[in-house]
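Notes for the one structure printed next.
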Amino acid sequence: MTTILEVQNICKQYNRKKILENVSFSIASNQIIALVGKNGSGKSTLLKMISSFMKPDSGSIVKHKTSLKVGYVPETTPSHILFTPQEYLYHMGCIRGMAKKQLLQKIEELLEMFQLKEEKNTRIIHFSKGMKQKVMIMQAMLEETDLLIMDEPLSGLDAKAQNDFEQILARVRSKGLSILLTCHETKLLENLVDSVLLIQENTVIQIKEFDSSPTHRLIFEIASLSLLDELIPSMDIQQKQLLVNGHYEIVTIVPAKDSDQILLKLLQQNASIKYLATVHHKKEQFSSHF
Ligand SMILES: Nc1ncnc2c1ncn2[C@@H]1O[C@H](COP(=O)(O)OP(=O)(O)OP(=O)(O)O)[C@@H](O)[C@H]1O
């Protein structure tokens, strides 16, 4: 994973009221990140700064490539858009100075991707909330986009629209984009999100990071901890227990791709393997948090 954007020590106040203080984190390519926190904790403020609609009082937002393109999807959709999606997107593209041919081609691509081809001539005013939201995401993706910022994209969506939205997010990520969104619905988090950032006491802490690569839980018994020195860098040791026989029982998580090599080395150190199974990351880790 490559870092595409870094938030470095950002501070922000409104009327001398401290909202964010020394906020730092990074966004990697092809990741969905959820930003959570209480009402009024500063989520929208942070999204606006990353989208360059607002400046921090201090600190910086560093883009790791100069051409990094951030698309912003607002929380509310204008309620009375008299255009069809085709007309609206064309209009938005023209405002941004896109070439006509390229714009029309992109609109076709997006209508296909968001399954709105049949409705391309229906006025947006007649759309459901979920469909309006699709159009808002499409406008943010008109130009080549690396990072999509979405403020409360699930608010007001019914269960079916939420489910459709999950599929849209997965489709957007499969095109190589990263997504930073604010949300309250843990159901969505559980299914899709790679990383969760929490705003608490004016700062941001990372409460979960999911490595999508498969891992194994491995439990083994070994005579001495010093025999593990060479293996420790490739292990996430979760528990060590001294047994009555003077040996240690170790519970660890290891990358699945390294399992065979680790097992071989453990057997060479006369370790006894007690358990090995695949870890189903997302559900397992989330259940302990939400
Ligand atoms: N332009 C502004 N001027 C003064 N205060 C503001 C301004 N914008 C936001 N605030 C205040 O800053 C705090 C953070 O607001 P923000 O909208 O970023 O929070 P949030 O976490 O997105 O909230 P919510 O979950 O309710 O949408 C709130 O107390 C809000 O009232």
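Residue names in the structure tokens use chain letters A, B, ... in the order shown, residue numbers from 1 in each chain, and ligand numbers from 1 in the order shown.
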Closest atom pairs, residues of chain A within 7 Å of ligand 1, only C-alpha atoms and all ligand atoms, as CSV:
```
residue,atom,partner,partner_atom_place_in_ligand_line,distance
A:Tyr14,CA,ligand 1,4 (C),4.8
A:Asn15,CA,ligand 1,4 (C),6.3
A:Ile19,CA,ligand 1,13 (C),6.0
A:Gly37,CA,ligand 1,21 (O),6.2
A:Lys38,CA,ligand 1,25 (O),5.9
A:Asn39,CA,ligand 1,25 (O),3.5
A:Gly40,CA,ligand 1,19 (O),3.5
A:Ser41,CA,ligand 1,21 (O),3.9
A:Gly42,CA,ligand 1,18 (O),3.2
A:Lys43,CA,ligand 1,21 (O),3.8
A:Ser44,CA,ligand 1,22 (O),3.7
A:Thr45,CA,ligand 1,18 (O),3.7
A:Leu46,CA,ligand 1,18 (O),6.5
```
Store the residues picked out above, limited to C-alpha atoms, as a tab-separated table (two decimals), in the first residue's frame.
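For reference, out_14.tsv as written:
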```tsv
chain	number	residue	atom	x	y	z
A	14	TYR	CA	-13.61	28.44	15.47
A	15	ASN	CA	-14.00	31.69	17.41
A	19	ILE	CA	-11.97	21.90	17.47
A	37	GLY	CA	-16.81	10.70	16.36
A	38	LYS	CA	-19.58	12.43	18.32
A	39	ASN	CA	-21.74	15.14	16.78
A	40	GLY	CA	-19.77	18.36	16.68
A	41	SER	CA	-16.42	16.62	17.15
A	42	GLY	CA	-15.01	18.12	13.95
A	43	LYS	CA	-15.50	15.44	11.30
A	44	SER	CA	-16.90	17.75	8.61
A	45	THR	CA	-14.29	20.37	9.45
A	46	LEU	CA	-11.52	17.84	8.88
```
Please list as a PDB file with C-alpha atoms, in the first residue's frame every residue within 10 Å of range 135-141 of chain A, counting only C-alpha atoms and excluding residues in the same chain fewer than 3 positions away.
```
ATOM      1  CA  LYS A  69      -7.093  14.682  -7.223  1.00  0.00           C
ATOM      2  CA  VAL A  70      -9.586  14.828  -4.359  1.00  0.00           C
ATOM      3  CA  GLY A  71     -13.316  14.642  -5.117  1.00  0.00           C
ATOM      4  CA  TYR A  72     -15.811  15.897  -2.520  1.00  0.00           C
ATOM      5  CA  VAL A  73     -19.304  14.445  -2.079  1.00  0.00           C
ATOM      6  CA  PRO A  74     -21.371  16.799   0.108  1.00  0.00           C
ATOM      7  CA  GLU A  75     -23.706  15.586   2.866  1.00  0.00           C
ATOM      8  CA  THR A  76     -26.789  17.105   1.325  1.00  0.00           C
ATOM      9  CA  THR A  77     -27.879  16.886  -2.274  1.00  0.00           C
ATOM     10  CA  PRO A  78     -29.507  20.015  -3.697  1.00  0.00           C
ATOM     11  CA  THR A  84     -31.352  15.031 -15.869  1.00  0.00           C
ATOM     12  CA  PRO A  85     -28.167  13.310 -14.615  1.00  0.00           C
ATOM     13  CA  GLN A  86     -26.719  13.577 -18.107  1.00  0.00           C
ATOM     14  CA  TYR A  88     -26.218  17.936 -14.658  1.00  0.00           C
ATOM     15  CA  LEU A  89     -22.933  16.061 -15.088  1.00  0.00           C
ATOM     16  CA  TYR A  90     -22.307  17.784 -18.421  1.00  0.00           C
ATOM     17  CA  HIS A  91     -22.879  21.156 -16.780  1.00  0.00           C
ATOM     18  CA  MET A  92     -20.546  20.314 -13.863  1.00  0.00           C
ATOM     19  CA  GLY A  93     -17.839  19.071 -16.233  1.00  0.00           C
ATOM     20  CA  LYS A 106     -16.767   9.940 -18.864  1.00  0.00           C
ATOM     21  CA  ILE A 107     -20.494  10.556 -18.273  1.00  0.00           C
ATOM     22  CA  GLU A 109     -18.792   5.428 -18.229  1.00  0.00           C
ATOM     23  CA  LEU A 110     -20.179   6.697 -14.919  1.00  0.00           C
ATOM     24  CA  LEU A 111     -23.827   6.107 -15.885  1.00  0.00           C
ATOM     25  CA  MET A 113     -20.801   2.091 -13.467  1.00  0.00           C
ATOM     26  CA  PHE A 114     -23.553   3.498 -11.239  1.00  0.00           C
ATOM     27  CA  LEU A 116     -28.211   4.856 -13.997  1.00  0.00           C
ATOM     28  CA  ILE A 124     -32.960  14.360 -10.756  1.00  0.00           C
ATOM     29  CA  PHE A 127     -34.882  10.544  -8.017  1.00  0.00           C
ATOM     30  CA  LYS A 129     -32.227   9.836  -2.081  1.00  0.00           C
ATOM     31  CA  GLY A 130     -29.950   6.926  -2.979  1.00  0.00           C
ATOM     32  CA  MET A 131     -30.099   7.797  -6.685  1.00  0.00           C
ATOM     33  CA  LYS A 132     -29.423  11.475  -5.976  1.00  0.00           C
ATOM     34  CA  GLU A 144      -9.698  11.339 -12.742  1.00  0.00           C
ATOM     35  CA  THR A 145      -9.948  11.067  -8.962  1.00  0.00           C
ATOM     36  CA  ASP A 146      -7.575   9.463  -6.438  1.00  0.00           C
ATOM     37  CA  LEU A 147      -9.470  10.148  -3.226  1.00  0.00           C
ATOM     38  CA  LEU A 148     -13.202  10.559  -2.659  1.00  0.00           C
ATOM     39  CA  ILE A 149     -14.330  12.435   0.431  1.00  0.00           C
ATOM     40  CA  MET A 150     -17.886  11.696   1.570  1.00  0.00           C
ATOM     41  CA  PRO A 153     -23.097   9.335   2.880  1.00  0.00           C
ATOM     42  CA  ILE A 168     -21.032   1.284  -5.009  1.00  0.00           C
ATOM     43  CA  LEU A 169     -18.184   1.848  -2.541  1.00  0.00           C
ATOM     44  CA  VAL A 172     -15.290   2.603  -6.591  1.00  0.00           C
ATOM     45  CA  LEU A 177      -9.637   4.994  -5.585  1.00  0.00           C
TER      46      LEU A 177
END
```
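Candidate residues A:Leu82, A:Leu231, A:Leu243, A:Leu104 were compared for distance to Leu264 in chain A, and the nearest is A:Leu231, using only C-alpha atoms.
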key: Expected answer as a VMD selection string: strand (DSSP E) residues in range 28-198 of chain A   = chain A and resid 28 32 to 37 58 to 63 70 to 73 147 to 150 178 to 182 195 to 198
message = Taking 3 positions as the minimum chain separation for residues in the same chain, which residues sit within 12 Å of Ile27 in chain A when counting only C-alpha atoms? Answer as a ChimeraX atom specification.
response = /A:1-8,24,30-35,50,61-64,70,146-149,177-181,194-197,206,209
inquiry  = I'd like the neighbourhood of Thr252 in chain A as a list of chain:residue names, where a residue qualifies if any of its atoms comes within 7 Å (using only C-alpha atoms), though same-chain residues fewer than 6 positions away should be ignored.
reply    = A:Arg217, A:Leu218, A:Ile219, A:Met235, A:Asp236, A:Ile237, A:Gln238, A:Gln239
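Of note, CA of Asp260 in chain A and CA of Pro233 in chain A are spaced 15.5 Å apart.
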